[in-house]
Amino acid sequence: MSLYQRVKKVSKQRGLTLTQVSNKAGLGEKTIYKWQKQNPKAETIQKVADVLQVSVDYLLGNTNNPNHDNEGSKPVDLSGTNIFTYQGQPVRQDDWEIIQAILERRKNSYKKRDRHE
């Protein structure tokens, strides 16, 4: 199933037209229709995923789980030993702290968004 087809399917399940989804996402009215022939930018897909309350991975067909929470998967413990590498070398501690801060901010933004819905 293509990106366009998944967006169309979820929109219908939510009782929305593609034009309504585009408008709610702050896009042009016919933007999603263009996805039948064009590939959208990542940030555009994210806006539509947010409106439809599904993950980008679901819209792209990378998972059949439409939920953001990846239900059934184990959370990754990022507080322990640095197991990540870049070009075969461990990630430096200061870079690792930046990565953790970014992940924490992203997690908090999801929590804030969920509280306002």
# chains A, B, ... in the order shown; residues from 1 in each chain; ligands from 1
call {"tool": "residues_around", "arguments": {"residues": "stretch 39-54 of chain A", "least_positions_apart": "4", "cutoff": "10 Å", "atoms": "only C-alpha atoms", "output": "PyMOL selection string"}}
result
chain A and resi 3-4+7+10-11+13-14+16+18+20-27+31-32+34-35+58-60+65-69+113-114
call {"tool": "write_last_selection", "arguments": {"atoms": "N, CA, C and O atoms", "output": "compact mmCIF listing (two decimals), in the first residue's frame"}}
result
# COMPACT_ATOMS: atom_id res chain seq x y z
N LEU A 3 2.00 5.38 0.27
CA LEU A 3 1.81 6.45 1.25
C LEU A 3 0.45 7.10 1.03
O LEU A 3 -0.33 7.27 1.98
N TYR A 4 0.15 7.46 -0.19
CA TYR A 4 -1.13 8.10 -0.51
C TYR A 4 -2.30 7.22 -0.07
O TYR A 4 -3.25 7.70 0.56
N VAL A 7 -2.67 7.18 3.76
CA VAL A 7 -3.23 8.44 4.25
C VAL A 7 -4.72 8.49 3.95
O VAL A 7 -5.53 8.87 4.81
N VAL A 10 -6.58 6.03 6.41
CA VAL A 10 -6.67 6.52 7.79
C VAL A 10 -7.58 7.74 7.86
O VAL A 10 -8.37 7.89 8.80
N SER A 11 -7.49 8.60 6.86
CA SER A 11 -8.37 9.78 6.83
C SER A 11 -9.83 9.36 6.83
O SER A 11 -10.64 9.91 7.59
N GLN A 13 -11.05 6.55 7.94
CA GLN A 13 -11.36 5.98 9.26
C GLN A 13 -11.61 7.07 10.30
O GLN A 13 -12.40 6.89 11.22
N ARG A 14 -10.96 8.22 10.13
CA ARG A 14 -11.12 9.34 11.06
C ARG A 14 -12.28 10.26 10.66
O ARG A 14 -12.55 11.25 11.33
N LEU A 16 -12.45 12.06 7.88
CA LEU A 16 -11.92 13.27 7.26
C LEU A 16 -11.66 13.06 5.78
O LEU A 16 -11.28 11.97 5.36
N LEU A 18 -9.33 14.12 2.40
CA LEU A 18 -7.92 14.47 2.23
C LEU A 18 -7.72 15.98 2.25
O LEU A 18 -6.71 16.48 2.75
N GLN A 20 -9.49 18.09 4.05
CA GLN A 20 -9.56 18.48 5.46
C GLN A 20 -8.25 18.18 6.18
O GLN A 20 -7.76 18.98 6.97
N VAL A 21 -7.66 17.02 5.89
CA VAL A 21 -6.38 16.65 6.51
C VAL A 21 -5.31 17.65 6.08
O VAL A 21 -4.53 18.14 6.91
N SER A 22 -5.27 17.98 4.80
CA SER A 22 -4.30 18.95 4.30
C SER A 22 -4.45 20.28 5.01
O SER A 22 -3.46 20.89 5.44
N ASN A 23 -5.68 20.75 5.13
CA ASN A 23 -5.93 22.04 5.79
C ASN A 23 -5.50 22.00 7.25
O ASN A 23 -4.87 22.93 7.75
N LYS A 24 -5.85 20.93 7.97
CA LYS A 24 -5.49 20.82 9.38
C LYS A 24 -3.97 20.75 9.57
O LYS A 24 -3.45 21.17 10.60
N ALA A 25 -3.28 20.20 8.57
CA ALA A 25 -1.83 20.09 8.64
C ALA A 25 -1.13 21.37 8.18
O ALA A 25 0.09 21.46 8.23
N GLY A 26 -1.93 22.34 7.73
CA GLY A 26 -1.36 23.60 7.27
C GLY A 26 -0.75 23.51 5.88
O GLY A 26 0.18 24.25 5.54
N LEU A 27 -1.26 22.59 5.07
CA LEU A 27 -0.75 22.38 3.72
C LEU A 27 -1.76 22.91 2.71
O LEU A 27 -2.89 23.23 3.06
N THR A 31 -2.47 19.13 -1.70
CA THR A 31 -1.12 18.60 -1.49
C THR A 31 -1.09 17.07 -1.42
O THR A 31 -0.28 16.43 -2.08
N ILE A 32 -1.96 16.48 -0.63
CA ILE A 32 -1.93 15.03 -0.45
C ILE A 32 -2.26 14.31 -1.76
O ILE A 32 -1.68 13.26 -2.06
N LYS A 34 -1.33 15.11 -4.61
CA LYS A 34 -0.09 15.10 -5.41
C LYS A 34 0.81 13.93 -5.05
O LYS A 34 1.69 13.56 -5.82
N TRP A 35 0.61 13.36 -3.86
CA TRP A 35 1.46 12.27 -3.41
C TRP A 35 1.27 11.00 -4.23
O TRP A 35 2.04 10.06 -4.10
N TYR A 58 4.13 4.21 10.12
CA TYR A 58 2.89 3.56 9.66
C TYR A 58 2.51 4.10 8.28
O TYR A 58 2.19 3.32 7.37
N LEU A 59 2.53 5.41 8.11
CA LEU A 59 2.16 5.98 6.81
C LEU A 59 3.09 5.52 5.70
O LEU A 59 2.67 5.32 4.56
N LEU A 60 4.36 5.33 6.04
CA LEU A 60 5.34 4.90 5.04
C LEU A 60 5.31 3.40 4.79
O LEU A 60 5.99 2.90 3.90
N ASN A 65 1.62 -1.11 12.71
CA ASN A 65 1.13 -0.56 13.96
C ASN A 65 1.00 0.95 13.79
O ASN A 65 2.01 1.65 13.71
N PRO A 66 -0.22 1.49 13.75
CA PRO A 66 -0.39 2.93 13.54
C PRO A 66 -0.07 3.78 14.76
O PRO A 66 0.00 5.00 14.66
N ASN A 67 0.14 3.17 15.92
CA ASN A 67 0.34 3.91 17.16
C ASN A 67 1.74 4.48 17.28
O ASN A 67 2.71 3.88 16.83
N HIS A 68 1.84 5.64 17.95
CA HIS A 68 3.13 6.26 18.23
C HIS A 68 3.93 5.48 19.26
O HIS A 68 5.14 5.54 19.29
N ASP A 69 3.21 4.77 20.12
CA ASP A 69 3.85 4.18 21.29
C ASP A 69 4.59 2.88 21.03
O ASP A 69 5.21 2.34 21.91
N ARG A 113 1.81 17.32 23.69
CA ARG A 113 0.82 17.26 22.62
C ARG A 113 -0.34 16.35 23.01
O ARG A 113 -1.50 16.69 22.80
N ASP A 114 -0.03 15.22 23.63
CA ASP A 114 -1.08 14.28 24.04
C ASP A 114 -1.98 14.87 25.11
O ASP A 114 -3.19 14.60 25.15
call {"tool": "atom_distance", "arguments": {"atom1": "atom CA of A:Lys9", "atom2": "atom CA of A:Lys107"}}
result
27.4 Å
call {"tool": "atom_distance", "arguments": {"atom1": "atom CA of A:Ala101", "atom2": "atom CA of A:Asn62"}}
result
26.2 Å
call {"tool": "atom_distance", "arguments": {"atom1": "atom CA of A:Ser55", "atom2": "atom CA of A:Val91"}}
result
28.1 Å
call {"tool": "closest_residue", "arguments": {"among": "A:Gln5, A:Asp94, A:Gly61, A:Lys111", "to": "A:Lys37", "atoms": "only C-alpha atoms"}}
result
A:Gln5
call {"tool": "select_by_dssp", "arguments": {"residues": "stretch 16-50 of chain A", "states": "alpha helix (DSSP H)", "output": "ChimeraX atom specification"}}
result
/A:18-24,31-34,42-50
call {"tool": "decode", "arguments": {"residues": "stretch 13-27 of chain A", "atoms": "all heavy atoms", "output": "short mmCIF file (atom, residue, chain, number, x, y, z; two decimals), in the first residue's frame"}}
result
data_model
loop_
_atom_site.label_atom_id
_atom_site.label_comp_id
_atom_site.auth_asym_id
_atom_site.auth_seq_id
_atom_site.Cartn_x
_atom_site.Cartn_y
_atom_site.Cartn_z
N GLN A 13 -11.05 6.55 7.94
CA GLN A 13 -11.36 5.98 9.26
C GLN A 13 -11.61 7.07 10.30
O GLN A 13 -12.40 6.89 11.22
CB GLN A 13 -10.19 5.10 9.74
CG GLN A 13 -10.04 3.82 8.97
CD GLN A 13 -8.75 3.09 9.32
OE1 GLN A 13 -7.83 3.65 9.91
NE2 GLN A 13 -8.67 1.82 8.94
N ARG A 14 -10.96 8.22 10.13
CA ARG A 14 -11.12 9.34 11.06
C ARG A 14 -12.28 10.26 10.66
O ARG A 14 -12.55 11.25 11.33
CB ARG A 14 -9.84 10.19 11.11
CG ARG A 14 -8.57 9.44 11.47
CD ARG A 14 -8.48 9.19 12.96
NE ARG A 14 -7.16 8.74 13.36
CZ ARG A 14 -6.81 7.48 13.54
NH1 ARG A 14 -7.69 6.51 13.34
NH2 ARG A 14 -5.59 7.16 13.93
N GLY A 15 -12.94 9.93 9.55
CA GLY A 15 -14.07 10.74 9.09
C GLY A 15 -13.65 12.05 8.45
O GLY A 15 -14.40 13.02 8.48
N LEU A 16 -12.45 12.06 7.88
CA LEU A 16 -11.92 13.27 7.26
C LEU A 16 -11.66 13.06 5.78
O LEU A 16 -11.28 11.97 5.36
CB LEU A 16 -10.59 13.67 7.93
CG LEU A 16 -10.62 13.98 9.42
CD1 LEU A 16 -9.21 14.07 9.97
CD2 LEU A 16 -11.36 15.29 9.66
N THR A 17 -11.82 14.13 5.01
CA THR A 17 -11.43 14.08 3.61
C THR A 17 -9.95 14.43 3.53
O THR A 17 -9.37 14.99 4.48
CB THR A 17 -12.23 15.10 2.77
OG1 THR A 17 -11.85 16.42 3.19
CG2 THR A 17 -13.73 14.89 2.90
N LEU A 18 -9.33 14.12 2.40
CA LEU A 18 -7.92 14.47 2.23
C LEU A 18 -7.72 15.98 2.25
O LEU A 18 -6.71 16.48 2.75
CB LEU A 18 -7.37 13.87 0.94
CG LEU A 18 -7.30 12.33 0.92
CD1 LEU A 18 -6.75 11.84 -0.41
CD2 LEU A 18 -6.46 11.80 2.07
N THR A 19 -8.67 16.71 1.75
CA THR A 19 -8.61 18.17 1.78
C THR A 19 -8.64 18.67 3.22
O THR A 19 -7.88 19.57 3.59
CB THR A 19 -9.76 18.79 0.96
OG1 THR A 19 -9.67 18.32 -0.39
CG2 THR A 19 -9.71 20.30 0.98
N GLN A 20 -9.49 18.09 4.05
CA GLN A 20 -9.56 18.48 5.46
C GLN A 20 -8.25 18.18 6.18
O GLN A 20 -7.76 18.98 6.97
CB GLN A 20 -10.71 17.77 6.16
CG GLN A 20 -12.08 18.25 5.75
CD GLN A 20 -13.20 17.39 6.31
OE1 GLN A 20 -13.10 16.16 6.33
NE2 GLN A 20 -14.26 18.04 6.79
N VAL A 21 -7.66 17.02 5.89
CA VAL A 21 -6.38 16.65 6.51
C VAL A 21 -5.31 17.65 6.08
O VAL A 21 -4.53 18.14 6.91
CB VAL A 21 -5.98 15.20 6.15
CG1 VAL A 21 -4.57 14.89 6.64
CG2 VAL A 21 -6.97 14.20 6.71
N SER A 22 -5.27 17.98 4.80
CA SER A 22 -4.30 18.95 4.30
C SER A 22 -4.45 20.28 5.01
O SER A 22 -3.46 20.89 5.44
CB SER A 22 -4.47 19.17 2.79
OG SER A 22 -4.02 18.05 2.07
N ASN A 23 -5.68 20.75 5.13
CA ASN A 23 -5.93 22.04 5.79
C ASN A 23 -5.50 22.00 7.25
O ASN A 23 -4.87 22.93 7.75
CB ASN A 23 -7.40 22.43 5.67
CG ASN A 23 -7.77 22.84 4.26
OD1 ASN A 23 -6.93 23.26 3.47
ND2 ASN A 23 -9.04 22.71 3.93
N LYS A 24 -5.85 20.93 7.97
CA LYS A 24 -5.49 20.82 9.38
C LYS A 24 -3.97 20.75 9.57
O LYS A 24 -3.45 21.17 10.60
CB LYS A 24 -6.13 19.58 10.01
CG LYS A 24 -7.63 19.73 10.25
CD LYS A 24 -8.20 18.45 10.85
CE LYS A 24 -9.68 18.61 11.09
NZ LYS A 24 -10.04 18.50 12.49
N ALA A 25 -3.28 20.20 8.57
CA ALA A 25 -1.83 20.09 8.64
C ALA A 25 -1.13 21.37 8.18
O ALA A 25 0.09 21.46 8.23
CB ALA A 25 -1.35 18.90 7.79
N GLY A 26 -1.93 22.34 7.73
CA GLY A 26 -1.36 23.60 7.27
C GLY A 26 -0.75 23.51 5.88
O GLY A 26 0.18 24.25 5.54
N LEU A 27 -1.26 22.59 5.07
CA LEU A 27 -0.75 22.38 3.72
C LEU A 27 -1.76 22.91 2.71
O LEU A 27 -2.89 23.23 3.06
CB LEU A 27 -0.52 20.88 3.47
CG LEU A 27 0.32 20.15 4.52
CD1 LEU A 27 0.30 18.66 4.26
CD2 LEU A 27 1.74 20.68 4.53
#
